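Structure below is final.cif: mmCIF, C-alpha atoms and all ligand atoms.
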data_target
#
loop_
_atom_site.label_atom_id
_atom_site.label_comp_id
_atom_site.auth_asym_id
_atom_site.auth_seq_id
_atom_site.Cartn_x
_atom_site.Cartn_y
_atom_site.Cartn_z
CA PRO A 1 -25.93 -21.36 3.37
CA ASP A 2 -22.90 -22.62 1.47
CA ALA A 3 -20.39 -20.50 -0.45
CA VAL A 4 -21.24 -21.83 -3.91
CA SER A 5 -24.97 -21.11 -3.55
CA VAL A 6 -24.26 -17.60 -2.25
CA ILE A 7 -21.97 -16.91 -5.24
CA ALA A 8 -24.56 -18.34 -7.66
CA THR A 9 -27.33 -16.18 -6.17
CA LYS A 10 -25.41 -12.99 -6.91
CA ARG A 11 -24.00 -14.29 -10.20
CA ASP A 12 -27.57 -14.76 -11.44
CA GLY A 13 -28.55 -11.24 -10.42
CA HIS A 14 -30.64 -12.07 -7.35
CA THR A 15 -30.67 -10.36 -3.97
CA LEU A 16 -28.65 -11.98 -1.16
CA SER A 17 -30.56 -12.73 2.02
CA SER A 18 -29.47 -11.38 5.36
CA ASP A 19 -28.45 -14.91 6.41
CA GLN A 20 -26.37 -15.43 3.29
CA ILE A 21 -24.51 -12.15 3.86
CA SER A 22 -23.79 -12.57 7.56
CA TRP A 23 -22.78 -16.20 7.11
CA MET A 24 -20.45 -15.46 4.16
CA VAL A 25 -18.66 -12.50 5.80
CA ASP A 26 -18.24 -14.35 9.08
CA ALA A 27 -17.07 -17.61 7.47
CA TYR A 28 -14.59 -15.71 5.29
CA THR A 29 -13.15 -13.83 8.28
CA ARG A 30 -12.69 -17.15 10.15
CA GLY A 31 -11.04 -18.78 7.12
CA ASP A 32 -13.89 -21.25 6.39
CA VAL A 33 -14.63 -19.64 3.02
CA ALA A 34 -11.60 -19.65 0.71
CA ASP A 35 -10.11 -16.59 -1.02
CA GLU A 36 -11.13 -17.91 -4.46
CA GLN A 37 -14.75 -18.21 -3.32
CA MET A 38 -14.83 -14.72 -1.84
CA SER A 39 -13.13 -13.31 -4.93
CA ALA A 40 -15.83 -14.88 -7.13
CA LEU A 41 -18.49 -13.28 -4.92
CA THR A 42 -16.82 -9.84 -4.93
CA MET A 43 -16.63 -9.97 -8.74
CA ALA A 44 -20.33 -10.93 -8.91
CA ILE A 45 -21.14 -8.00 -6.58
CA LEU A 46 -19.02 -5.64 -8.69
CA LEU A 47 -20.87 -6.68 -11.85
CA ARG A 48 -24.41 -7.10 -10.44
CA GLY A 49 -24.45 -4.48 -7.66
CA MET A 50 -26.26 -4.63 -4.33
CA THR A 51 -29.51 -3.13 -3.06
CA ARG A 52 -29.38 -0.59 -0.21
CA VAL A 53 -30.62 -3.34 2.14
CA GLU A 54 -27.83 -5.71 1.06
CA ILE A 55 -25.23 -2.93 1.50
CA ARG A 56 -26.57 -2.24 5.01
CA GLU A 57 -26.37 -5.96 5.92
CA TRP A 58 -22.90 -6.34 4.41
CA THR A 59 -21.71 -3.30 6.44
CA ASP A 60 -23.28 -4.67 9.64
CA ALA A 61 -21.62 -8.05 9.07
CA MET A 62 -18.20 -6.37 8.72
CA ILE A 63 -18.76 -4.34 11.90
CA ALA A 64 -19.76 -7.55 13.72
CA SER A 65 -16.52 -9.25 12.61
CA GLY A 66 -14.62 -7.21 15.24
CA SER A 67 -15.24 -4.98 18.21
CA ARG A 68 -16.50 -1.43 18.44
CA MET A 69 -14.55 1.42 20.02
CA ASP A 70 -16.16 3.65 22.60
CA PHE A 71 -15.35 7.33 23.09
CA SER A 72 -18.39 8.05 25.26
CA SER A 73 -16.14 8.97 28.20
CA ILE A 74 -14.79 11.97 26.27
CA SER A 75 -16.42 15.20 27.35
CA ARG A 76 -16.25 17.00 23.98
CA PRO A 77 -18.22 15.97 20.86
CA THR A 78 -16.32 13.57 18.58
CA VAL A 79 -16.16 14.13 14.84
CA ASP A 80 -14.06 12.44 12.16
CA LYS A 81 -13.40 12.97 8.47
CA HIS A 82 -12.71 10.41 5.77
CA SER A 83 -11.52 10.92 2.22
CA THR A 84 -12.02 8.23 -0.39
CA GLY A 85 -8.41 8.82 -1.45
CA GLY A 86 -6.54 10.99 -3.91
CA ILE A 87 -3.25 12.54 -4.99
CA GLY A 88 -1.66 15.23 -2.82
CA ASP A 89 -4.54 14.82 -0.38
CA LYS A 90 -2.82 15.89 2.83
CA ILE A 91 -5.95 17.59 4.19
CA THR A 92 -6.20 15.35 7.29
CA LEU A 93 -2.87 16.74 8.58
CA PRO A 94 -3.93 20.37 9.06
CA LEU A 95 -7.64 19.51 9.50
CA ALA A 96 -7.49 17.27 12.60
CA PRO A 97 -5.61 19.80 14.82
CA LEU A 98 -7.67 22.68 13.36
CA VAL A 99 -10.98 21.06 14.32
CA ALA A 100 -9.56 20.16 17.75
CA ALA A 101 -8.66 23.85 18.16
CA CYS A 102 -12.34 24.63 17.47
CA GLY A 103 -13.40 22.49 20.46
CA ALA A 104 -14.14 19.00 19.08
CA ALA A 105 -12.34 15.70 19.77
CA VAL A 106 -11.04 14.22 16.50
CA PRO A 107 -10.30 10.45 16.53
CA GLN A 108 -8.82 10.23 13.05
CA LEU A 109 -8.15 6.60 12.11
CA SER A 110 -6.11 6.63 8.91
CA GLY A 111 -4.46 4.27 6.50
CA ARG A 112 -1.29 3.71 4.52
CA GLY A 113 -0.90 4.33 0.83
CA LEU A 114 -2.67 1.99 -1.50
CA GLY A 115 -1.26 1.71 -5.02
CA TYR A 116 -0.53 5.20 -6.29
CA THR A 117 -2.72 7.00 -3.72
CA GLY A 118 -0.85 8.37 -0.72
CA GLY A 119 -1.47 7.33 2.88
CA THR A 120 -1.78 9.71 5.82
CA LEU A 121 0.21 7.41 8.14
CA ASP A 122 3.09 7.16 5.64
CA LYS A 123 3.22 10.96 5.46
CA LEU A 124 3.30 11.43 9.24
CA GLU A 125 5.96 8.74 9.66
CA SER A 126 8.41 11.08 7.94
CA ILE A 127 8.41 13.04 11.24
CA PRO A 128 11.23 11.63 13.42
CA GLY A 129 9.89 9.52 16.31
CA TRP A 130 6.19 9.70 15.34
CA ARG A 131 4.17 6.51 16.01
CA ALA A 132 1.00 5.43 14.16
CA ASP A 133 0.09 2.68 16.62
CA LEU A 134 -1.69 3.84 19.76
CA THR A 135 -3.57 1.78 22.33
CA ALA A 136 -7.23 2.63 22.96
CA ASP A 137 -6.16 4.15 26.31
CA GLU A 138 -3.54 6.37 24.66
CA MET A 139 -6.13 7.55 22.14
CA THR A 140 -8.65 8.41 24.84
CA ARG A 141 -6.05 10.23 26.94
CA LEU A 142 -4.87 12.39 24.01
CA LEU A 143 -8.44 13.12 22.88
CA ASP A 144 -9.44 14.12 26.41
CA ASP A 145 -6.39 16.35 26.91
CA PRO A 146 -7.59 19.95 26.39
CA ALA A 147 -4.19 20.86 24.89
CA VAL A 148 -4.39 18.07 22.26
CA GLY A 149 -7.91 16.87 21.30
CA ALA A 150 -6.87 15.06 18.09
CA VAL A 151 -5.08 11.85 17.15
CA ILE A 152 -4.18 10.49 13.74
CA CYS A 153 -3.46 6.79 14.10
CA ALA A 154 -3.80 3.30 12.64
CA ALA A 155 -6.94 1.26 13.25
CA GLY A 156 -6.40 -1.63 15.66
CA ALA A 157 -6.43 -5.21 14.34
CA ASP A 158 -9.88 -5.80 15.83
CA LEU A 159 -11.64 -2.95 14.01
CA ALA A 160 -13.66 -4.55 11.18
CA PRO A 161 -11.15 -7.38 10.52
CA ALA A 162 -13.41 -8.67 7.73
CA ASP A 163 -12.69 -5.45 5.83
CA LYS A 164 -8.92 -5.77 6.25
CA LYS A 165 -8.99 -9.23 4.70
CA LEU A 166 -11.50 -8.29 2.01
CA TYR A 167 -9.70 -5.10 1.07
CA ALA A 168 -6.44 -6.96 0.46
CA LEU A 169 -8.34 -9.48 -1.68
CA ARG A 170 -10.18 -6.80 -3.69
CA ASP A 171 -6.90 -4.99 -4.28
CA VAL A 172 -5.46 -7.97 -6.18
CA THR A 173 -8.64 -9.15 -7.94
CA GLY A 174 -9.74 -5.97 -9.73
CA THR A 175 -12.76 -5.54 -7.47
CA VAL A 176 -12.00 -2.29 -5.62
CA GLU A 177 -14.14 -0.03 -7.83
CA SER A 178 -17.54 -1.17 -6.60
CA ILE A 179 -19.76 1.48 -4.99
CA PRO A 180 -21.48 -0.99 -2.61
CA MET A 181 -18.18 -2.49 -1.43
CA ILE A 182 -16.34 0.86 -1.08
CA ALA A 183 -19.29 2.27 0.89
CA ALA A 184 -19.46 -0.77 3.19
CA SER A 185 -15.66 -0.84 3.62
CA ILE A 186 -15.37 2.79 4.67
CA MET A 187 -18.54 2.97 6.74
CA SER A 188 -17.99 -0.29 8.64
CA LYS A 189 -14.71 1.17 9.96
CA LYS A 190 -16.21 4.57 10.76
CA ILE A 191 -19.29 3.16 12.51
CA ALA A 192 -17.18 0.65 14.50
CA GLU A 193 -14.85 3.50 15.49
CA GLY A 194 -17.78 5.06 17.37
CA THR A 195 -17.47 8.68 16.18
CA GLY A 196 -20.53 10.83 16.87
CA ALA A 197 -20.37 12.67 13.55
CA LEU A 198 -18.60 12.10 10.24
CA VAL A 199 -17.72 14.31 7.28
CA LEU A 200 -16.87 12.49 4.06
CA ASP A 201 -14.74 13.86 1.23
CA VAL A 202 -15.73 11.83 -1.82
CA LYS A 203 -13.17 12.34 -4.57
CA CYS A 204 -14.10 12.49 -8.22
CA GLY A 205 -11.82 12.51 -11.29
CA SER A 206 -8.76 10.81 -12.81
CA GLY A 207 -6.94 10.44 -9.48
CA ALA A 208 -9.95 8.92 -7.69
CA PHE A 209 -11.78 5.57 -7.71
CA MET A 210 -14.91 7.41 -8.90
CA LYS A 211 -14.18 8.91 -12.32
CA SER A 212 -17.58 10.58 -12.95
CA LEU A 213 -19.66 13.01 -10.90
CA ASP A 214 -22.70 10.68 -11.05
CA GLN A 215 -20.71 7.78 -9.57
CA ALA A 216 -19.23 10.00 -6.87
CA ARG A 217 -22.69 11.31 -5.94
CA GLU A 218 -24.04 7.78 -5.70
CA LEU A 219 -21.15 6.68 -3.46
CA ALA A 220 -21.65 9.76 -1.28
CA ALA A 221 -25.42 9.20 -0.94
CA THR A 222 -24.90 5.52 -0.11
CA MET A 223 -22.40 6.33 2.66
CA VAL A 224 -24.50 9.17 4.08
CA GLU A 225 -27.48 6.82 4.33
CA LEU A 226 -25.40 4.09 6.02
CA GLY A 227 -24.02 6.54 8.58
CA THR A 228 -27.32 8.21 9.32
CA ASP A 229 -29.08 4.84 9.77
CA SER A 230 -26.43 3.91 12.36
CA GLY A 231 -26.86 7.11 14.36
CA VAL A 232 -23.69 8.77 13.01
CA ASP A 233 -24.49 12.30 11.84
CA THR A 234 -22.97 12.06 8.31
CA VAL A 235 -22.51 14.58 5.51
CA ALA A 236 -20.43 14.34 2.31
CA LEU A 237 -18.69 16.83 0.06
CA VAL A 238 -17.94 15.65 -3.49
CA THR A 239 -14.65 17.26 -4.52
CA ASP A 240 -12.49 17.40 -7.64
CA MET A 241 -9.55 15.01 -7.98
CA SER A 242 -8.69 15.48 -11.64
CA THR A 243 -5.75 17.70 -10.61
CA PRO A 244 -3.61 16.99 -7.51
CA LEU A 245 -4.40 18.95 -4.36
CA GLY A 246 -1.80 21.61 -3.63
CA LEU A 247 1.71 21.61 -5.05
CA THR A 248 3.16 18.44 -3.54
CA ALA A 249 2.67 14.66 -3.71
CA GLY A 250 4.93 12.59 -1.45
CA ASN A 251 5.40 12.06 2.27
CA ALA A 252 7.67 14.70 3.87
CA LEU A 253 6.85 17.10 0.99
CA GLU A 254 3.18 16.95 1.99
CA VAL A 255 3.94 17.34 5.70
CA GLN A 256 5.83 20.55 4.86
CA GLU A 257 2.90 21.86 2.81
CA SER A 258 0.53 21.06 5.71
CA LEU A 259 2.79 23.04 8.05
CA ASP A 260 2.58 25.96 5.62
CA VAL A 261 -1.23 25.81 5.87
CA LEU A 262 -1.13 25.63 9.68
CA ALA A 263 1.19 28.66 9.65
CA GLY A 264 -1.44 30.64 7.73
CA GLY A 265 -0.02 30.17 4.20
CA GLY A 266 -0.05 27.23 1.78
CA PRO A 267 -1.72 26.69 -1.60
CA ALA A 268 -5.19 28.23 -2.00
CA ASP A 269 -6.94 24.96 -2.89
CA VAL A 270 -5.57 23.14 0.18
CA VAL A 271 -6.66 26.03 2.41
CA GLU A 272 -10.11 26.14 0.76
CA LEU A 273 -10.80 22.43 1.22
CA THR A 274 -9.36 22.34 4.76
CA LEU A 275 -11.65 25.20 5.80
CA ALA A 276 -14.71 23.78 4.01
CA LEU A 277 -14.31 20.39 5.70
CA ALA A 278 -13.50 22.05 9.06
CA ARG A 279 -16.72 24.10 8.86
CA GLU A 280 -18.74 20.96 8.13
CA MET A 281 -17.07 19.12 11.04
CA VAL A 282 -17.59 22.00 13.47
CA ALA A 283 -21.28 22.20 12.47
CA ALA A 284 -21.71 18.40 12.69
CA ALA A 285 -20.19 18.50 16.19
CA GLY A 286 -22.75 21.14 17.18
CA LEU A 287 -20.11 23.81 17.91
CA ASP A 288 -21.81 27.03 16.88
CA GLY A 289 -20.14 30.39 16.50
CA VAL A 290 -16.57 29.09 15.92
CA ASP A 291 -14.86 30.04 12.66
CA PRO A 292 -11.99 27.66 11.82
CA ALA A 293 -10.30 30.43 9.79
CA ASP A 294 -9.71 32.31 13.07
CA LYS A 295 -7.95 29.27 14.54
CA LEU A 296 -5.58 29.10 11.57
CA ARG A 297 -4.87 32.82 11.83
CA ASP A 298 -4.26 33.00 15.58
CA GLY A 299 -1.89 30.01 15.71
CA THR A 300 -4.04 27.71 17.90
CA ALA A 301 -4.30 25.09 15.14
CA MET A 302 -0.47 25.04 14.89
CA ASP A 303 -0.21 24.68 18.70
CA ARG A 304 -2.56 21.67 18.54
CA TRP A 305 -0.50 20.16 15.73
CA ARG A 306 2.66 20.37 17.84
CA SER A 307 1.04 18.78 20.88
CA MET A 308 -0.64 16.09 18.75
CA ILE A 309 2.69 15.16 17.10
CA ALA A 310 4.55 15.20 20.42
CA GLY A 311 1.74 13.17 22.04
CA GLN A 312 2.42 10.42 19.49
CA GLY A 313 6.19 10.43 20.12
CA GLY A 314 7.18 12.77 17.27
CA ASP A 315 9.49 15.76 17.41
CA PRO A 316 7.56 18.66 15.84
CA ALA A 317 10.74 20.77 15.67
CA ALA A 318 12.93 18.16 13.93
CA PRO A 319 13.92 18.90 10.32
CA LEU A 320 11.97 16.81 7.79
CA PRO A 321 13.87 14.30 5.64
CA VAL A 322 14.98 15.55 2.22
CA ALA A 323 15.56 13.27 -0.79
CA ARG A 324 19.18 12.92 -1.96
CA HIS A 325 18.47 13.55 -5.65
CA THR A 326 16.26 15.93 -7.62
CA HIS A 327 15.45 16.35 -11.30
CA ASP A 328 13.58 19.25 -12.92
CA VAL A 329 10.99 18.82 -15.67
CA VAL A 330 10.89 22.06 -17.68
CA ALA A 331 8.41 23.66 -20.07
CA ASP A 332 9.39 23.47 -23.74
CA ARG A 333 7.46 26.61 -24.73
CA ASP A 334 5.93 29.78 -23.32
CA GLY A 335 2.25 29.52 -22.47
CA VAL A 336 -0.37 28.63 -19.91
CA VAL A 337 -0.54 25.29 -18.09
CA THR A 338 -3.80 23.76 -19.33
CA ARG A 339 -3.73 20.45 -17.49
CA VAL A 340 -1.91 18.60 -14.68
CA ASP A 341 -3.35 15.11 -14.33
CA ALA A 342 -3.77 13.73 -10.81
CA MET A 343 -3.23 10.10 -11.75
CA ALA A 344 0.00 10.87 -13.69
CA VAL A 345 1.46 12.81 -10.74
CA GLY A 346 0.34 10.06 -8.34
CA ILE A 347 2.05 7.35 -10.37
CA ALA A 348 5.22 9.47 -10.72
CA ALA A 349 5.41 10.05 -6.93
CA TRP A 350 4.76 6.38 -6.30
CA ARG A 351 7.51 5.31 -8.73
CA LEU A 352 9.94 7.78 -7.13
CA GLY A 353 9.56 5.80 -3.89
CA ALA A 354 6.73 7.62 -2.05
CA GLY A 355 4.54 4.49 -2.26
CA ARG A 356 4.95 0.73 -2.17
CA GLU A 357 5.21 -1.92 -4.87
CA ARG A 358 4.60 -4.72 -2.35
CA GLN A 359 2.74 -4.89 0.94
CA GLY A 360 4.96 -4.05 3.89
CA GLN A 361 7.68 -2.34 1.82
CA GLN A 362 9.32 0.79 3.31
CA VAL A 363 8.46 4.08 1.65
CA GLN A 364 10.99 6.88 1.10
CA ALA A 365 10.16 9.84 3.33
CA GLY A 366 11.69 12.43 0.99
CA ALA A 367 10.45 11.06 -2.36
CA GLY A 368 7.75 12.68 -4.45
CA VAL A 369 6.80 15.42 -6.88
CA ARG A 370 6.77 19.16 -6.30
CA MET A 371 4.70 21.14 -8.81
CA HIS A 372 5.81 24.70 -9.52
CA VAL A 373 2.66 25.72 -11.37
CA ARG A 374 -1.01 24.78 -11.38
CA PRO A 375 -3.45 24.79 -14.32
CA GLY A 376 -4.14 28.36 -15.39
CA GLU A 377 -0.66 29.65 -14.47
CA ARG A 378 1.87 30.91 -17.01
CA VAL A 379 5.23 29.28 -17.76
CA SER A 380 8.11 30.26 -20.01
CA ALA A 381 10.26 27.92 -22.08
CA GLY A 382 12.93 26.34 -19.86
CA SER A 383 11.23 27.14 -16.55
CA PRO A 384 10.57 24.22 -14.17
CA VAL A 385 7.09 22.69 -14.08
CA PHE A 386 7.90 19.80 -11.70
CA THR A 387 10.82 18.86 -9.48
CA LEU A 388 11.12 15.11 -8.88
CA HIS A 389 12.63 13.95 -5.57
CA THR A 390 14.09 10.51 -4.76
CA ASP A 391 16.90 8.77 -2.89
CA THR A 392 17.27 6.31 -5.79
CA PRO A 393 17.97 8.18 -9.07
CA GLU A 394 17.42 5.06 -11.20
CA ARG A 395 13.72 5.76 -10.51
CA PHE A 396 13.67 9.05 -12.47
CA ASP A 397 13.00 7.33 -15.82
CA GLY A 398 9.82 5.59 -14.64
CA ALA A 399 8.52 8.80 -13.09
CA LEU A 400 9.29 10.82 -16.24
CA GLU A 401 7.45 8.26 -18.34
CA ALA A 402 4.39 8.48 -16.05
CA LEU A 403 4.35 12.27 -16.40
CA THR A 404 4.77 12.37 -20.20
CA ASP A 405 1.10 12.75 -21.11
CA GLY A 406 0.10 14.05 -17.71
CA TRP A 407 0.46 17.78 -18.32
CA ALA A 408 0.17 20.29 -21.12
CA VAL A 409 1.01 23.89 -21.94
CA GLY A 410 -1.18 25.78 -24.42
CA ASP A 411 -2.14 29.28 -25.51
CA ASP A 412 -5.36 29.74 -23.56
CA ALA A 413 -6.12 29.30 -19.88
CA PRO A 414 -8.49 26.39 -19.13
CA ALA A 415 -11.99 27.21 -17.88
CA ALA A 416 -11.90 27.62 -14.10
CA SER A 417 -13.46 24.58 -12.43
CA PRO A 418 -14.75 24.45 -8.85
CA LEU A 419 -12.98 22.31 -6.24
CA ILE A 420 -16.16 21.49 -4.30
CA LEU A 421 -18.62 19.91 -6.71
CA ASP A 422 -21.54 18.96 -4.48
CA ARG A 423 -22.71 18.50 -0.89
CA ILE A 424 -24.85 15.55 0.11
CA GLY A 425 -26.51 15.03 3.47
N1 LIG B 1 -11.04 3.11 1.10
C1 LIG B 1 -11.48 2.11 1.91
O1 LIG B 1 -11.28 2.12 3.11
N2 LIG B 1 -12.14 1.09 1.34
C2 LIG B 1 -12.40 1.02 0.02
O2 LIG B 1 -13.01 0.07 -0.42
C3 LIG B 1 -11.95 2.07 -0.81
C4 LIG B 1 -11.28 3.13 -0.23
#

Would you put the structure from the file into structure tokens?
Amino acid sequence: PDAVSVIATKRDGHTLSSDQISWMVDAYTRGDVADEQMSALTMAILLRGMTRVEIREWTDAMIASGSRMDFSSISRPTVDKHSTGGIGDKITLPLAPLVAACGAAVPQLSGRGLGYTGGTLDKLESIPGWRADLTADEMTRLLDDPAVGAVICAAGADLAPADKKLYALRDVTGTVESIPMIAASIMSKKIAEGTGALVLDVKCGSGAFMKSLDQARELAATMVELGTDSGVDTVALVTDMSTPLGLTAGNALEVQESLDVLAGGGPADVVELTLALAREMVAAAGLDGVDPADKLRDGTAMDRWRSMIAGQGGDPAAPLPVARHTHDVVADRDGVVTRVDAMAVGIAAWRLGAGRERQGQQVQAGAGVRMHVRPGERVSAGSPVFTLHTDTPERFDGALEALTDGWAVGDDAPAASPLILDRIG
């Protein structure tokens, strides 16, 4: 094959052969296919789509670009969770130690923030001393330790390197929002990681890549099929991301909210989703008769959190960083909050310094948005709706602008909408 003929095949709406796919992904990873050629192909894929067979072959080619991890020496069943990304989505933080407390080993490979969506590793790095980079031996040791059983860490450079390069290219060429490429990107990493079972949280709504329920269902079904075909027991929940999860978006702010959940409190929606995903993970791991809610109540999940953080060099007792400046956004009338838009809050938190404008930039640990009310709750004129946090007060204006049309107060409560929209698998 040659790059131009592969691009032309997809441009003209034909199906790529297995040879074309494996050659193109391999040649791109090695640097023999140029960025402009791969970006033409990813745009053709975005516009023309891929068959299930092409998606399978594309995923396999990305797995083959690196090496696979192996947790077969671990005595307990392994199970991992992956979210397609959202605003205020701190669920991994309480979930990984909770599921470890239920008896599974949780090798949670996570990422950094991308655009206005937050990253689990950025959140945890607000804990003094905590390290995202672990060797394979460190991971295995912590997962095998009966007092720990969970790690949240960065993927090594050799895990699906084709995806690392492709993701960075898609990010700057408007080609992220393709169901085949998102499915292959996520599943190549999860299959190469070698987890026995996987629970997916596919986000749907303004703060997610998938804006409609139909798109989210299709992405979920595609990923479930890829996992199942590879021997990974995979199930997906489709969940709402039109409103942020919980009351915080930002790094240390979200760690604090996760600690509230582990201590038996926290916002109802965060608790609901943490428990729903934990129940799916416990079932997928084959651990019958364990109720994750008991492990939140009796403090074992919090114990696992402390040992997991300490095992990765962090000080679980250290105070979390606090931003130097705050600014309140207040309601201008009495009424009921009818809408808080996930994307608006995500962009505000990002502009306050919780996310990056350029690759490699440092994030502010204390920056972000705290919401005082959720849709359906009452406010009175002059009472705070949001508090903005930043170390750099010149950022308030940009955040305020992002929030302008992102919330509303009216006379009537909005219709209650479910958080968990579907289950596929
Ligand atoms: N997350 C990923 O890992 N890859 C995508 O393509 C989108 C979200």

Find the spatial neighbours of range 146-150 of chain A, counting only C-alpha atoms, within a cut-off of 12 Å - ignore same-chain residues fewer than 6 positions away - and output them as a PDB file with C-alpha atoms, in the coordinates of the input.
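Heads up, here's the output in out_0.pdb:
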ATOM      1  CA  ILE A  74     -14.790  11.970  26.270  1.00  0.00           C
ATOM      2  CA  SER A  75     -16.420  15.200  27.350  1.00  0.00           C
ATOM      3  CA  ARG A  76     -16.250  17.000  23.980  1.00  0.00           C
ATOM      4  CA  PRO A  77     -18.220  15.970  20.860  1.00  0.00           C
ATOM      5  CA  THR A  78     -16.320  13.570  18.580  1.00  0.00           C
ATOM      6  CA  VAL A  79     -16.160  14.130  14.840  1.00  0.00           C
ATOM      7  CA  ASP A  80     -14.060  12.440  12.160  1.00  0.00           C
ATOM      8  CA  LYS A  81     -13.400  12.970   8.470  1.00  0.00           C
ATOM      9  CA  THR A  92      -6.200  15.350   7.290  1.00  0.00           C
ATOM     10  CA  LEU A  93      -2.870  16.740   8.580  1.00  0.00           C
ATOM     11  CA  PRO A  94      -3.930  20.370   9.060  1.00  0.00           C
ATOM     12  CA  LEU A  95      -7.640  19.510   9.500  1.00  0.00           C
ATOM     13  CA  ALA A  96      -7.490  17.270  12.600  1.00  0.00           C
ATOM     14  CA  PRO A  97      -5.610  19.800  14.820  1.00  0.00           C
ATOM     15  CA  LEU A  98      -7.670  22.680  13.360  1.00  0.00           C
ATOM     16  CA  VAL A  99     -10.980  21.060  14.320  1.00  0.00           C
ATOM     17  CA  ALA A 100      -9.560  20.160  17.750  1.00  0.00           C
ATOM     18  CA  ALA A 101      -8.660  23.850  18.160  1.00  0.00           C
ATOM     19  CA  CYS A 102     -12.340  24.630  17.470  1.00  0.00           C
ATOM     20  CA  GLY A 103     -13.400  22.490  20.460  1.00  0.00           C
ATOM     21  CA  ALA A 104     -14.140  19.000  19.080  1.00  0.00           C
ATOM     22  CA  ALA A 105     -12.340  15.700  19.770  1.00  0.00           C
ATOM     23  CA  VAL A 106     -11.040  14.220  16.500  1.00  0.00           C
ATOM     24  CA  PRO A 107     -10.300  10.450  16.530  1.00  0.00           C
ATOM     25  CA  GLN A 108      -8.820  10.230  13.050  1.00  0.00           C
ATOM     26  CA  LEU A 109      -8.150   6.600  12.110  1.00  0.00           C
ATOM     27  CA  GLU A 138      -3.540   6.370  24.660  1.00  0.00           C
ATOM     28  CA  MET A 139      -6.130   7.550  22.140  1.00  0.00           C
ATOM     29  CA  THR A 140      -8.650   8.410  24.840  1.00  0.00           C
ATOM     30  CA  THR A 300      -4.040  27.710  17.900  1.00  0.00           C
ATOM     31  CA  ALA A 301      -4.300  25.090  15.140  1.00  0.00           C
ATOM     32  CA  MET A 302      -0.470  25.040  14.890  1.00  0.00           C
ATOM     33  CA  ASP A 303      -0.210  24.680  18.700  1.00  0.00           C
ATOM     34  CA  ARG A 304      -2.560  21.670  18.540  1.00  0.00           C
ATOM     35  CA  TRP A 305      -0.500  20.160  15.730  1.00  0.00           C
ATOM     36  CA  ARG A 306       2.660  20.370  17.840  1.00  0.00           C
ATOM     37  CA  SER A 307       1.040  18.780  20.880  1.00  0.00           C
ATOM     38  CA  MET A 308      -0.640  16.090  18.750  1.00  0.00           C
ATOM     39  CA  ILE A 309       2.690  15.160  17.100  1.00  0.00           C
ATOM     40  CA  ALA A 310       4.550  15.200  20.420  1.00  0.00           C
ATOM     41  CA  GLY A 311       1.740  13.170  22.040  1.00  0.00           C
ATOM     42  CA  GLN A 312       2.420  10.420  19.490  1.00  0.00           C
TER      43      GLN A 312
END

Could you give me, as a Markdown table, a per-residue list for chain A showing, wherever an atom lies at most 10 Å from an atom of ligand LIG 1 (chain B), the closest pair of atoms and their distance in Å to one decimal, using all atoms listed in the file and sorting by chain then residue number from low to high?
| residue | atom | partner | partner_atom | distance |
| --- | --- | --- | --- | --- |
| A:His82 | CA | B:LIG1 | O1 | 8.8 |
| A:Ser83 | CA | B:LIG1 | N1 | 7.9 |
| A:Thr84 | CA | B:LIG1 | C4 | 5.2 |
| A:Gly85 | CA | B:LIG1 | C4 | 6.5 |
| A:Gly86 | CA | B:LIG1 | C4 | 9.9 |
| A:Ser110 | CA | B:LIG1 | O1 | 9.0 |
| A:Gly111 | CA | B:LIG1 | O1 | 7.9 |
| A:Leu114 | CA | B:LIG1 | C4 | 8.8 |
| A:Asp163 | CA | B:LIG1 | N2 | 8.0 |
| A:Lys164 | CA | B:LIG1 | O1 | 8.8 |
| A:Leu166 | CA | B:LIG1 | O2 | 8.8 |
| A:Tyr167 | CA | B:LIG1 | O2 | 6.3 |
| A:Ala168 | CA | B:LIG1 | O2 | 9.7 |
| A:Arg170 | CA | B:LIG1 | O2 | 8.1 |
| A:Asp171 | CA | B:LIG1 | O2 | 8.8 |
| A:Thr175 | CA | B:LIG1 | O2 | 9.0 |
| A:Val176 | CA | B:LIG1 | O2 | 5.8 |
| A:Glu177 | CA | B:LIG1 | O2 | 7.5 |
| A:Ser178 | CA | B:LIG1 | O2 | 7.8 |
| A:Ile179 | CA | B:LIG1 | O2 | 8.3 |
| A:Pro180 | CA | B:LIG1 | O2 | 8.8 |
| A:Met181 | CA | B:LIG1 | O2 | 5.9 |
| A:Ile182 | CA | B:LIG1 | O2 | 3.5 |
| A:Ala183 | CA | B:LIG1 | O2 | 6.8 |
| A:Ala184 | CA | B:LIG1 | O2 | 7.4 |
| A:Ser185 | CA | B:LIG1 | N2 | 4.6 |
| A:Ile186 | CA | B:LIG1 | O1 | 4.4 |
| A:Met187 | CA | B:LIG1 | O1 | 8.2 |
| A:Ser188 | CA | B:LIG1 | O1 | 9.0 |
| A:Lys189 | CA | B:LIG1 | O1 | 7.7 |
| A:Lys190 | CA | B:LIG1 | O1 | 9.4 |
| A:Val202 | CA | B:LIG1 | C4 | 9.9 |
| A:Ala208 | CA | B:LIG1 | C4 | 9.5 |
| A:Phe209 | CA | B:LIG1 | C3 | 7.7 |

Around all of range 14-33 of chain A's listed atoms, make the axis-aligned box with 8 Å on each side and tell me centre and edge lengths in Å to one decimal, as JSON.
{"center_x": -20.9, "center_y": -15.8, "center_z": 1.4, "size_x": 35.6, "size_y": 26.9, "size_z": 33.5}

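For the atom pair formed by CA of Pro128 in chain A and CA of Gly360 in chain A, the distance is 19.4 Å, given to one decimal.
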